[in-house]
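Text of entry.txt, listed as compact mmCIF, C-alpha atoms:
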```txt
# COMPACT_ATOMS: atom_id res chain seq x y z
CA MET H 879 -0.25 37.93 7.39
CA PRO H 880 -1.65 35.72 10.19
CA GLU H 881 -4.25 34.45 7.74
CA GLU H 882 -1.51 33.58 5.26
CA HIS H 883 0.44 31.70 7.90
CA HIS H 884 -2.72 29.81 8.90
CA ALA H 885 -3.40 28.87 5.28
CA ALA H 886 0.20 27.73 4.87
CA GLY H 887 -0.10 25.62 8.00
CA GLN H 888 -3.28 24.00 6.71
CA ALA H 889 -1.58 23.22 3.40
CA ARG H 890 1.34 21.65 5.25
CA ALA H 891 -1.06 19.51 7.30
CA MET H 892 -2.70 18.31 4.10
CA GLU H 893 0.64 17.68 2.41
CA PHE H 894 2.05 15.41 5.09
CA ARG H 895 -0.32 14.37 7.86
CA VAL H 896 -3.49 13.76 5.88
CA PRO H 897 -2.02 11.55 3.10
CA ARG H 898 -0.16 9.45 5.68
CA ALA H 899 -3.22 9.18 7.93
CA LEU H 900 -5.45 8.09 5.03
CA ARG H 901 -2.80 5.56 3.98
CA ASP H 902 -2.79 4.11 7.48
CA VAL H 903 -6.56 3.93 7.80
CA LEU H 904 -7.23 2.40 4.36
CA GLU H 905 -4.33 -0.07 4.28
CA PRO H 906 -5.96 -2.66 6.60
CA TYR H 907 -9.10 -2.59 4.46
CA HIS H 908 -7.05 -3.30 1.34
CA ALA H 909 -4.94 -5.92 3.13
CA VAL H 910 -7.80 -8.40 3.51
CA VAL H 911 -7.15 -9.52 -0.09
CA ILE H 912 -3.68 -10.67 0.92
CA LEU H 913 -4.03 -11.71 4.55
CA ALA H 914 -7.60 -12.83 5.27
CA PRO H 915 -8.07 -16.63 5.16
CA ARG H 916 -11.35 -16.33 3.24
CA ALA H 917 -9.65 -14.25 0.57
CA GLN H 918 -6.77 -16.69 0.36
CA GLN H 919 -9.27 -19.53 -0.11
CA ALA H 920 -10.69 -17.85 -3.20
CA PHE H 921 -7.24 -17.96 -4.78
CA HIS H 922 -6.66 -21.51 -3.59
CA ASP H 923 -9.83 -22.49 -5.44
CA LEU H 924 -8.11 -21.39 -8.66
CA GLY H 925 -5.12 -23.57 -7.87
CA LEU H 926 -3.00 -20.73 -6.51
CA THR H 927 -1.75 -22.36 -3.34
CA ASP H 928 1.74 -20.91 -2.89
CA PRO H 929 1.98 -18.74 0.28
CA TRP H 930 2.64 -15.71 -1.93
CA SER H 931 -0.12 -16.46 -4.44
CA GLY H 932 -2.61 -14.13 -2.77
CA TYR H 933 -0.16 -11.26 -2.81
CA PHE H 934 0.76 -11.62 -6.45
CA ALA H 935 -2.77 -12.43 -7.60
CA GLY H 936 -4.29 -9.68 -5.49
CA ARG H 937 -1.93 -6.98 -6.74
CA ALA H 938 -0.83 -7.99 -10.25
CA ALA H 939 -4.15 -9.14 -11.72
CA PRO H 940 -5.33 -5.63 -12.79
CA LEU H 941 -2.28 -5.40 -15.09
CA GLY H 942 -3.40 -8.39 -17.14
CA ALA H 943 -1.16 -11.28 -18.15
CA VAL H 944 1.98 -9.16 -18.33
CA PRO H 945 5.49 -10.69 -18.28
CA PRO H 946 7.45 -10.87 -15.01
CA SER H 947 9.55 -7.84 -15.97
CA VAL H 948 6.47 -5.63 -15.78
CA VAL H 949 5.48 -6.99 -12.38
CA ASP H 950 9.08 -6.47 -11.27
CA ALA H 951 8.88 -2.85 -12.39
CA VAL H 952 5.74 -2.03 -10.41
CA PHE H 953 6.53 -4.14 -7.32
CA TYR H 954 10.04 -2.63 -7.26
CA HIS H 955 11.81 -4.25 -4.31
CA PHE H 956 11.34 -8.00 -4.71
CA ASN H 957 14.08 -10.33 -5.89
CA PRO H 958 13.47 -10.74 -9.66
CA ALA H 959 13.68 -14.52 -9.32
CA MET H 960 10.76 -14.41 -6.87
CA ILE H 961 8.81 -12.24 -9.30
CA GLU H 962 9.55 -14.65 -12.16
CA ARG H 963 8.41 -17.72 -10.24
CA ASN H 964 5.21 -16.27 -8.84
CA THR H 965 4.15 -14.46 -12.00
CA ALA H 966 4.62 -17.61 -14.09
CA ALA H 967 2.54 -19.60 -11.59
CA LEU H 968 -0.16 -16.95 -11.53
CA TRP H 969 -0.83 -16.87 -15.26
CA ALA H 970 -0.42 -20.63 -15.60
CA ALA H 971 -3.24 -21.09 -13.09
CA ALA H 972 -5.87 -18.69 -14.41
CA ALA H 973 -6.63 -15.91 -16.85
CA PRO H 974 -6.58 -12.34 -15.41
CA GLU H 975 -10.38 -11.96 -15.51
CA LYS H 976 -10.78 -15.08 -13.38
CA VAL H 977 -8.20 -13.83 -10.91
CA LEU H 978 -9.94 -10.45 -10.70
CA SER H 979 -13.26 -12.17 -10.06
CA ALA H 980 -11.69 -14.37 -7.39
CA ARG H 981 -10.17 -11.42 -5.56
CA LEU H 982 -13.57 -9.71 -5.27
CA VAL H 983 -15.22 -12.96 -4.18
CA GLY H 984 -12.51 -13.45 -1.57
CA VAL H 985 -12.64 -9.87 -0.34
CA ASP H 986 -16.43 -10.04 -0.06
CA ALA H 987 -16.28 -13.26 1.96
CA ALA H 988 -13.51 -11.90 4.20
CA LEU H 989 -15.26 -8.61 4.95
CA ARG H 990 -18.56 -10.36 5.69
CA GLU H 991 -16.78 -12.64 8.13
CA ILE H 992 -14.76 -9.89 9.84
CA LEU H 993 -17.27 -7.04 9.92
CA GLY H 994 -20.63 -8.79 9.73
CA GLU H 995 -23.66 -8.22 7.52
CA GLU H 996 -25.05 -5.38 9.61
CA ALA H 997 -21.86 -3.33 9.37
CA LEU H 998 -21.56 -3.87 5.62
CA GLY H 999 -25.02 -2.42 5.11
CA SER H 1000 -24.50 0.52 7.43
CA GLU H 1001 -24.75 4.19 6.53
CA GLU H 1002 -21.12 4.57 7.64
CA ILE H 1003 -19.90 2.09 5.04
CA MET H 1004 -22.03 3.76 2.37
CA GLU H 1005 -20.68 7.22 3.20
CA ALA H 1006 -17.07 6.02 3.44
CA SER H 1007 -17.47 4.24 0.12
CA ALA H 1008 -18.78 7.37 -1.61
CA LEU H 1009 -15.93 9.49 -0.27
CA ALA H 1010 -13.22 6.96 -1.16
CA VAL H 1011 -14.62 6.48 -4.67
CA GLU H 1012 -14.68 10.26 -5.15
CA ALA H 1013 -11.02 10.45 -4.10
CA ALA H 1014 -10.02 7.49 -6.27
CA ARG H 1015 -11.58 9.11 -9.33
CA ALA H 1016 -9.07 11.95 -8.92
CA CYS H 1017 -6.08 9.59 -9.21
CA THR H 1018 -4.20 10.64 -12.31
CA ALA H 1019 -2.79 8.03 -14.69
CA PRO H 1020 0.58 9.29 -16.04
CA GLY H 1021 3.47 7.50 -14.35
CA ARG H 1022 1.07 5.43 -12.21
CA PRO H 1023 0.76 2.02 -13.92
CA LEU H 1024 -0.65 0.02 -11.03
CA GLY H 1025 -2.87 2.84 -9.84
CA ALA H 1026 -4.20 3.34 -13.37
CA ALA H 1027 -4.80 -0.40 -13.83
CA ASN H 1028 -6.96 -0.47 -10.71
CA ALA H 1029 -8.72 2.79 -11.58
CA ALA H 1030 -9.74 1.29 -14.93
CA LEU H 1031 -11.67 -1.53 -13.28
CA PRO H 1032 -15.45 -1.26 -12.80
CA VAL H 1033 -16.54 0.05 -9.42
CA PRO H 1034 -18.54 -2.72 -7.69
CA ALA H 1035 -22.16 -1.94 -6.90
CA GLU H 1036 -21.92 -3.11 -3.28
CA PRO H 1037 -20.67 -0.23 -1.08
CA HIS H 1038 -18.24 -2.39 0.94
CA LEU H 1039 -16.63 -3.67 -2.27
CA ALA H 1040 -16.62 -0.23 -3.88
CA LEU H 1041 -14.81 1.00 -0.76
CA TRP H 1042 -12.29 -1.83 -1.11
CA GLN H 1043 -11.70 -1.11 -4.80
CA ALA H 1044 -11.26 2.62 -4.13
CA ALA H 1045 -8.91 1.95 -1.20
CA THR H 1046 -6.88 -0.35 -3.45
CA THR H 1047 -6.69 2.22 -6.25
CA LEU H 1048 -5.56 4.89 -3.79
CA ARG H 1049 -3.00 2.51 -2.28
CA GLU H 1050 -1.48 1.57 -5.62
CA PHE H 1051 -1.52 5.19 -6.79
CA ARG H 1052 0.53 6.08 -3.73
CA GLY H 1053 2.79 3.08 -4.28
CA ASP H 1054 3.56 4.15 -7.83
CA GLY H 1055 4.57 7.54 -6.45
CA HIS H 1056 6.74 5.86 -3.84
CA ASN H 1057 8.57 4.00 -6.60
CA ALA H 1058 9.19 7.31 -8.34
CA ALA H 1059 10.54 8.77 -5.08
CA LEU H 1060 12.92 5.82 -4.70
CA LEU H 1061 14.12 6.28 -8.26
CA GLN H 1062 14.65 9.98 -7.66
CA ALA H 1063 16.74 9.12 -4.59
CA GLY H 1064 18.82 6.63 -6.60
CA LEU H 1065 17.80 3.61 -4.49
CA ASP H 1066 17.29 0.24 -6.13
CA GLY H 1067 14.99 -2.40 -4.66
CA VAL H 1068 17.33 -3.98 -2.14
CA GLU H 1069 18.92 -0.63 -1.23
CA ALA H 1070 15.46 0.69 -0.44
CA LEU H 1071 14.95 -2.18 2.00
CA VAL H 1072 18.36 -1.71 3.60
CA THR H 1073 17.66 1.98 4.22
CA ILE H 1074 14.21 1.40 5.67
CA THR H 1075 15.53 -1.27 8.04
CA ALA H 1076 18.39 1.02 9.04
CA ALA H 1077 15.79 3.71 9.76
CA GLY H 1078 13.84 1.31 12.01
CA GLY H 1079 10.84 0.94 9.70
CA GLU H 1080 11.35 -2.79 9.09
CA VAL H 1081 13.22 -5.73 10.61
CA ARG H 1082 15.92 -7.13 8.33
CA LYS H 1083 15.34 -10.79 9.17
CA SER H 1084 11.70 -10.47 8.21
CA ILE H 1085 11.77 -8.20 5.17
CA GLN H 1086 14.86 -9.81 3.61
CA ARG H 1087 13.24 -13.24 3.81
CA ARG H 1088 9.88 -11.99 2.52
CA ARG H 1089 11.50 -10.37 -0.51
CA GLU H 1090 13.95 -13.28 -1.03
CA TRP H 1091 17.19 -11.29 -1.15
CA THR H 1092 20.28 -13.30 -0.23
CA ASP H 1093 22.84 -12.25 2.38
CA ALA H 1094 25.22 -11.53 -0.51
CA ASP H 1095 22.64 -9.26 -2.16
CA TRP H 1096 22.09 -7.44 1.13
CA ALA H 1097 25.81 -7.02 1.84
CA ALA H 1098 26.44 -5.67 -1.66
CA ALA H 1099 23.67 -3.11 -1.19
CA GLU H 1100 25.16 -2.07 2.15
CA ARG H 1101 28.54 -1.54 0.48
CA ARG H 1102 27.00 0.62 -2.24
CA LEU H 1103 25.17 2.73 0.33
CA ALA H 1104 28.30 3.09 2.44
CA GLU H 1105 30.26 4.24 -0.60
CA ARG H 1106 27.64 6.94 -1.15
CA GLY H 1107 27.97 8.05 2.47
CA LEU H 1108 24.44 6.97 3.37
CA LEU H 1109 25.25 4.06 5.69
CA ALA H 1110 27.58 4.14 8.69
CA PRO H 1111 29.96 1.27 9.57
CA ASP H 1112 27.58 0.11 12.33
CA GLY H 1113 24.74 -0.28 9.81
CA THR H 1114 22.81 2.81 10.83
CA LEU H 1115 21.96 5.68 8.52
CA THR H 1116 24.33 8.62 8.40
CA ALA H 1117 22.90 12.14 8.56
CA GLU H 1118 22.93 12.17 4.77
CA GLY H 1119 21.28 8.76 4.71
CA ARG H 1120 18.50 9.96 7.01
CA ALA H 1121 18.01 12.99 4.78
CA VAL H 1122 17.67 10.76 1.73
CA ARG H 1123 15.22 8.48 3.51
CA ASP H 1124 13.16 11.45 4.72
CA SER H 1125 13.15 12.90 1.22
CA VAL H 1126 11.69 9.64 -0.11
CA GLU H 1127 8.85 9.70 2.41
CA ASP H 1128 8.13 13.40 1.92
CA LEU H 1129 8.09 13.12 -1.88
CA THR H 1130 5.83 10.06 -1.61
CA ASP H 1131 3.36 12.15 0.40
CA ARG H 1132 3.50 15.02 -2.07
CA LEU H 1133 2.95 12.67 -5.02
CA ALA H 1134 0.03 11.06 -3.15
CA LEU H 1135 -1.69 14.39 -2.62
CA PRO H 1136 -3.86 14.92 -5.78
CA PRO H 1137 -6.86 12.76 -4.76
CA TRP H 1138 -6.92 14.27 -1.27
CA GLN H 1139 -6.65 17.80 -2.64
CA LYS H 1140 -9.58 17.06 -4.92
CA LEU H 1141 -11.60 15.57 -2.08
CA GLY H 1142 -10.68 18.41 0.27
CA THR H 1143 -9.47 18.35 3.86
CA VAL H 1144 -12.94 18.25 5.45
CA LYS H 1145 -14.07 15.24 3.43
CA ALA H 1146 -10.69 13.52 3.80
CA LEU H 1147 -10.87 13.84 7.58
CA ARG H 1148 -14.47 12.59 7.50
CA LEU H 1149 -13.31 9.52 5.56
CA TYR H 1150 -10.67 8.92 8.21
CA ASP H 1151 -13.27 9.12 10.97
CA LEU H 1152 -15.54 6.67 9.16
CA ALA H 1153 -12.80 4.20 8.22
CA ARG H 1154 -10.92 4.20 11.54
CA PRO H 1155 -13.23 1.85 13.51
CA ILE H 1156 -13.48 -0.46 10.51
CA ALA H 1157 -9.71 -0.57 10.15
CA ASN H 1158 -9.24 -1.24 13.86
CA ARG H 1159 -11.64 -4.21 13.66
CA ILE H 1160 -9.67 -5.63 10.74
CA ILE H 1161 -6.36 -5.07 12.53
CA GLU H 1162 -7.71 -7.00 15.53
CA ALA H 1163 -9.35 -9.78 13.50
CA LEU H 1164 -6.30 -10.46 11.32
CA LYS H 1165 -3.86 -9.86 14.19
CA LEU H 1166 -1.92 -7.34 12.14
CA PRO H 1167 1.24 -6.07 13.86
CA LEU H 1168 -0.13 -2.54 14.00
CA PRO H 1169 -1.24 -0.35 16.90
CA PRO H 1170 -4.85 0.87 16.98
CA LEU H 1171 -5.30 3.93 14.81
CA PRO H 1172 -5.46 7.29 16.62
CA GLU H 1173 -8.79 9.09 16.90
CA SER H 1174 -7.56 12.08 14.92
CA ALA H 1175 -5.91 12.15 11.51
CA GLN H 1176 -4.12 15.35 12.48
CA VAL H 1177 -1.93 14.02 15.29
```

For the structure just supplied, provide its representation as structure tokens.
Amino acid sequence: MPEEHHAAGQARAMEFRVPRALRDVLEPYHAVVILAPRAQQAFHDLGLTDPWSGYFAGRAAPLGAVPPSVVDAVFYHFNPAMIERNTAALWAAAAPEKVLSARLVGVDAALREILGEEALGSEEIMEASALAVEAARACTAPGRPLGAANAALPVPAEPHLALWQAATTLREFRGDGHNAALLQAGLDGVEALVTITAAGGEVRKSIQRRREWTDADWAAAERRLAERGLLAPDGTLTAEGRAVRDSVEDLTDRLALPPWQKLGTVKALRLYDLARPIANRIIEALKLPLPPLPESAQV
């Protein structure tokens, strides 16, 4: 019986702590495509100069020249008018293959500037790349449109770019699962943002502006949530609202589990150890509003 309890505890650690820890450690590496000036310049060179061009080009390009409704479906919680404007500008500026090439050029330039040539050629980057690619190959396709679109792309030969592509595939695979969790919870895009701000995970002034929802949109979502008993009069989550929000995060972790199960706990924790100092350097270089990552993935 003690052995069974130990095995159950290990499974629980994998189910929740490990997927979240790997998300946290790989997200900064992915984020250079959106936030690093050198990556943004690669998109500017295509004529994509809107402040959101890098985000839309960096994330939507693997889908091909799809209509805005498809981008809206996979991005989930943006105002559809914002999706329409940015998607139209994206495909008016360049064909998908040119955007995909630009994102790798920009990521390469950004990582060389932030990490330096010596780090990019290190054994640590090579090992981290191999582990991340192995995990990304275990990302299943059904119900994961953006994850599958990234998984279908060629893996770059350079280890630091292969690591970036794998981190991006894993990120979008998890994001597709998060969308499914939001759907299961009955939360639309703006309701999802209201609940996460009420839970303290985002600041309304910032996230509402970044997703271009109006005050009227936000207020209507608050009314709907209050009618469901999820939002209290003071704007905080009720007990039921917290339960719904927790269920979204827990289901997201469970749906993100397959690649980490395939990789195994030992290798997943090794990837965390290898990626942590890299991620911390990126967090510092790009001044991301994130604390340094903890030494252990099991805290």

*Two-atom distance - CA of Asp1124 in chain H, CA of Val1068 in chain H (Å)*: 17.4 Å

Using only C-alpha atoms, which residues of range 957-1075 of chain H come within 7 Å of range 1126-1134 of chain H, and what is the closest atom pair for each, with the distance in Å to one decimal? Give it as a Markdown table, sorted by chain and residue number.
```
| residue | atom | partner | partner_atom | distance |
| --- | --- | --- | --- | --- |
| H:Arg1052 | CA | H:Ala1134 | CA | 5.0 |
| H:Gly1055 | CA | H:Leu1133 | CA | 5.6 |
| H:His1056 | CA | H:Thr1130 | CA | 4.8 |
| H:Ala1059 | CA | H:Val1126 | CA | 5.2 |
| H:Leu1060 | CA | H:Val1126 | CA | 6.1 |
| H:Ala1063 | CA | H:Val1126 | CA | 6.8 |
```

*Could you state the separation of CA of Pro946 in chain H and CA of Ala980 in chain H in Å, given to one decimal place?*
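Taking CA of Pro946 in chain H as the start and CA of Ala980 in chain H as the end point, the length is 20.9 Å.
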
_Give me the residues near range 1078-1082 of chain H as a list in words, where near means some atom within 12 Å (using only C-alpha atoms) and where sequence neighbours in that chain fewer than 2 positions away do not count._
Val1068, Glu1069, Ala1070, Leu1071, Val1072, Thr1073, Ile1074, Thr1075, Ala1076, Ser1084, Ile1085, Gln1086, Arg1087, Arg1088, Arg1089, Glu1090, Trp1091, Thr1092, Asp1093, Trp1096, Ala1097, Gly1113, Thr1114, Leu1115, Arg1120, Arg1123, Asp1124, Glu1127 and Pro1167 of chain H

Show me as a JSON list (two decimals) with C-alpha atoms, in the frame of the given file the residues that reach within 12 Å of (-12.9, -19.6, 3.5), counting only C-alpha atoms and using the file's own coordinates.
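Output file part_36.json follows:
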```json
[["chain", "number", "residue", "atom", "x", "y", "z"],
["H", 913, "LEU", "CA", -4.03, -11.71, 4.55],
["H", 914, "ALA", "CA", -7.60, -12.83, 5.27],
["H", 915, "PRO", "CA", -8.07, -16.63, 5.16],
["H", 916, "ARG", "CA", -11.35, -16.33, 3.24],
["H", 917, "ALA", "CA", -9.65, -14.25, 0.57],
["H", 918, "GLN", "CA", -6.77, -16.69, 0.36],
["H", 919, "GLN", "CA", -9.27, -19.53, -0.11],
["H", 920, "ALA", "CA", -10.69, -17.85, -3.20],
["H", 921, "PHE", "CA", -7.24, -17.96, -4.78],
["H", 922, "HIS", "CA", -6.66, -21.51, -3.59],
["H", 923, "ASP", "CA", -9.83, -22.49, -5.44],
["H", 983, "VAL", "CA", -15.22, -12.96, -4.18],
["H", 984, "GLY", "CA", -12.51, -13.45, -1.57],
["H", 985, "VAL", "CA", -12.64, -9.87, -0.34],
["H", 986, "ASP", "CA", -16.43, -10.04, -0.06],
["H", 987, "ALA", "CA", -16.28, -13.26, 1.96],
["H", 988, "ALA", "CA", -13.51, -11.90, 4.20],
["H", 989, "LEU", "CA", -15.26, -8.61, 4.95],
["H", 990, "ARG", "CA", -18.56, -10.36, 5.69],
["H", 991, "GLU", "CA", -16.78, -12.64, 8.13],
["H", 992, "ILE", "CA", -14.76, -9.89, 9.84]]
```

*Would you please work out which residue, of H:Ala1077, H:Ala1013, H:Leu1135, H:Ala1058, is nearest to Phe953 in chain H when using all atoms listed in the file?*
H:Ala1058

Could you make a table, as a Markdown table, of the residues of range 1004-1084 of chain H that have an atom within 7 Å of an atom of range 894-907 of chain H, each with its nearest atom pair and distance in Å to one decimal, counting all atoms listed in the file, in chain and number order?
```
| residue | atom | partner | partner_atom | distance |
| --- | --- | --- | --- | --- |
| H:Trp1042 | CA | H:Tyr907 | CA | 6.5 |
| H:Ala1045 | CA | H:Leu904 | CA | 5.8 |
| H:Arg1049 | CA | H:Arg901 | CA | 7.0 |
```

*Using only C-alpha atoms, give me every residue within 12 Å of (-7.8, -6.6, 14.4) in file coordinates, as a list in words.*
Pro906, Tyr907, Ala909, Val910, Leu913, Ala914, Ile992, Leu993, Arg1154, Pro1155, Ile1156, Ala1157, Asn1158, Arg1159, Ile1160, Ile1161, Glu1162, Ala1163, Leu1164, Lys1165, Leu1166, Pro1167, Leu1168, Pro1169, Pro1170 and Leu1171 of chain H

*Nearest to Pro1137 in chain H among H:Ala939, H:Ala1044, H:Leu926, H:Ile912, with distances taken over all atoms listed in the file: which residue is it?*
H:Ala1044

*Interatomic distance between CA of Val948 in chain H and CA of Gly1064 in chain H?*
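Going from CA of Val948 in chain H over to CA of Gly1064 in chain H, I get 19.7 Å.
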
Cut-off 9 Å: closest range 1071-1172 of chain H/range 1016-1030 of chain H atom pairs per residue, using all atoms listed in the file, as CSV:
```
residue,atom,partner,partner_atom,distance
H:Ala1134,CA,H:Cys1017,CA,8.7
H:Pro1136,CA,H:Cys1017,CA,6.7
H:Pro1137,CA,H:Ala1016,CA,4.8
H:Trp1138,CA,H:Ala1016,CA,8.3
H:Gln1139,CA,H:Ala1016,CA,8.9
H:Lys1140,CA,H:Ala1016,CA,6.5
H:Leu1141,CA,H:Ala1016,CA,8.1
```

_Selected residue, from H:Ile1003, H:Val911, H:Leu1108, H:Met960, that lies nearest to Leu978 in chain H when counting all atoms listed in the file_ =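 Closest candidate: H:Val911.
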
*List the neighbours of Asn964 in chain H out to 8 Å using only C-alpha atoms; skip same-chain residues closer than 6 positions along the sequence, and give me the result as a list in words.*
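Counting only C-alpha atoms, the residues come to Trp930, Ser931 and Phe934 of chain H.
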
*Write out as number ranges by chain each polymer residue whose atoms come within 7 Å of Leu1041 in chain H, counting all atoms listed in the file; drop sequence neighbours fewer than 2 positions from it.*
H: 1006-1007, 1010-1011, 1037-1039, 1043-1045

Serialized selection, C-alpha atoms, as a PDB file, in the coordinates of the input:
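As a result, out-v5.pdb now contains:
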```pdb
ATOM      1  CA  ALA H1006     -17.070   6.020   3.440  1.00  0.00           C
ATOM      2  CA  SER H1007     -17.470   4.240   0.120  1.00  0.00           C
ATOM      3  CA  ALA H1010     -13.220   6.960  -1.160  1.00  0.00           C
ATOM      4  CA  VAL H1011     -14.620   6.480  -4.670  1.00  0.00           C
ATOM      5  CA  PRO H1037     -20.670  -0.230  -1.080  1.00  0.00           C
ATOM      6  CA  HIS H1038     -18.240  -2.390   0.940  1.00  0.00           C
ATOM      7  CA  LEU H1039     -16.630  -3.670  -2.270  1.00  0.00           C
ATOM      8  CA  GLN H1043     -11.700  -1.110  -4.800  1.00  0.00           C
ATOM      9  CA  ALA H1044     -11.260   2.620  -4.130  1.00  0.00           C
ATOM     10  CA  ALA H1045      -8.910   1.950  -1.200  1.00  0.00           C
TER      11      ALA H1045
END
```

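You can rank H:Leu1061, H:Pro940, H:Tyr933, H:Ser1174 by their closest distance to Val1122 in chain H using only C-alpha atoms, and at the top of that list sits H:Leu1061.
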
Kindly add N, CA and C atoms to the incomplete range 1128-1143 of chain H and provide the output as a PDB file, in the frame of the given file.
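Wrote out13.pdb, looks like this:
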```pdb
ATOM      1  N   ASP H1128       8.788  12.117   2.169  1.00  0.00           N
ATOM      2  CA  ASP H1128       8.130  13.400   1.920  1.00  0.00           C
ATOM      3  C   ASP H1128       7.655  13.501   0.466  1.00  0.00           C
ATOM      4  N   LEU H1129       8.490  13.068  -0.479  1.00  0.00           N
ATOM      5  CA  LEU H1129       8.090  13.120  -1.880  1.00  0.00           C
ATOM      6  C   LEU H1129       6.936  12.154  -2.131  1.00  0.00           C
ATOM      7  N   THR H1130       6.953  11.000  -1.484  1.00  0.00           N
ATOM      8  CA  THR H1130       5.830  10.060  -1.610  1.00  0.00           C
ATOM      9  C   THR H1130       4.536  10.732  -1.183  1.00  0.00           C
ATOM     10  N   ASP H1131       4.567  11.453  -0.066  1.00  0.00           N
ATOM     11  CA  ASP H1131       3.360  12.150   0.400  1.00  0.00           C
ATOM     12  C   ASP H1131       2.916  13.215  -0.603  1.00  0.00           C
ATOM     13  N   ARG H1132       3.873  13.974  -1.124  1.00  0.00           N
ATOM     14  CA  ARG H1132       3.500  15.020  -2.070  1.00  0.00           C
ATOM     15  C   ARG H1132       2.889  14.425  -3.342  1.00  0.00           C
ATOM     16  N   LEU H1133       3.471  13.311  -3.813  1.00  0.00           N
ATOM     17  CA  LEU H1133       2.950  12.670  -5.020  1.00  0.00           C
ATOM     18  C   LEU H1133       1.602  11.983  -4.768  1.00  0.00           C
ATOM     19  N   ALA H1134       1.312  11.685  -3.501  1.00  0.00           N
ATOM     20  CA  ALA H1134       0.030  11.060  -3.150  1.00  0.00           C
ATOM     21  C   ALA H1134      -1.078  12.067  -2.942  1.00  0.00           C
ATOM     22  N   LEU H1135      -0.761  13.336  -3.019  1.00  0.00           N
ATOM     23  CA  LEU H1135      -1.690  14.390  -2.620  1.00  0.00           C
ATOM     24  C   LEU H1135      -2.879  14.634  -3.550  1.00  0.00           C
ATOM     25  N   PRO H1136      -2.770  14.492  -4.893  1.00  0.00           N
ATOM     26  CA  PRO H1136      -3.860  14.920  -5.780  1.00  0.00           C
ATOM     27  C   PRO H1136      -5.260  14.437  -5.404  1.00  0.00           C
ATOM     28  N   PRO H1137      -5.480  13.147  -5.098  1.00  0.00           N
ATOM     29  CA  PRO H1137      -6.860  12.760  -4.760  1.00  0.00           C
ATOM     30  C   PRO H1137      -7.377  13.404  -3.489  1.00  0.00           C
ATOM     31  N   TRP H1138      -6.483  13.665  -2.527  1.00  0.00           N
ATOM     32  CA  TRP H1138      -6.920  14.270  -1.270  1.00  0.00           C
ATOM     33  C   TRP H1138      -7.135  15.765  -1.435  1.00  0.00           C
ATOM     34  N   GLN H1139      -6.378  16.399  -2.309  1.00  0.00           N
ATOM     35  CA  GLN H1139      -6.650  17.800  -2.640  1.00  0.00           C
ATOM     36  C   GLN H1139      -8.010  17.931  -3.303  1.00  0.00           C
ATOM     37  N   LYS H1140      -8.299  17.026  -4.221  1.00  0.00           N
ATOM     38  CA  LYS H1140      -9.580  17.060  -4.920  1.00  0.00           C
ATOM     39  C   LYS H1140     -10.732  16.813  -3.956  1.00  0.00           C
ATOM     40  N   LEU H1141     -10.546  15.869  -3.046  1.00  0.00           N
ATOM     41  CA  LEU H1141     -11.600  15.570  -2.080  1.00  0.00           C
ATOM     42  C   LEU H1141     -11.764  16.704  -1.081  1.00  0.00           C
ATOM     43  N   GLY H1142     -10.647  17.328  -0.704  1.00  0.00           N
ATOM     44  CA  GLY H1142     -10.680  18.410   0.270  1.00  0.00           C
ATOM     45  C   GLY H1142     -10.427  17.897   1.684  1.00  0.00           C
ATOM     46  N   THR H1143      -9.859  18.760   2.514  1.00  0.00           N
ATOM     47  CA  THR H1143      -9.470  18.350   3.860  1.00  0.00           C
ATOM     48  C   THR H1143     -10.654  17.890   4.694  1.00  0.00           C
TER      49      THR H1143
END
```
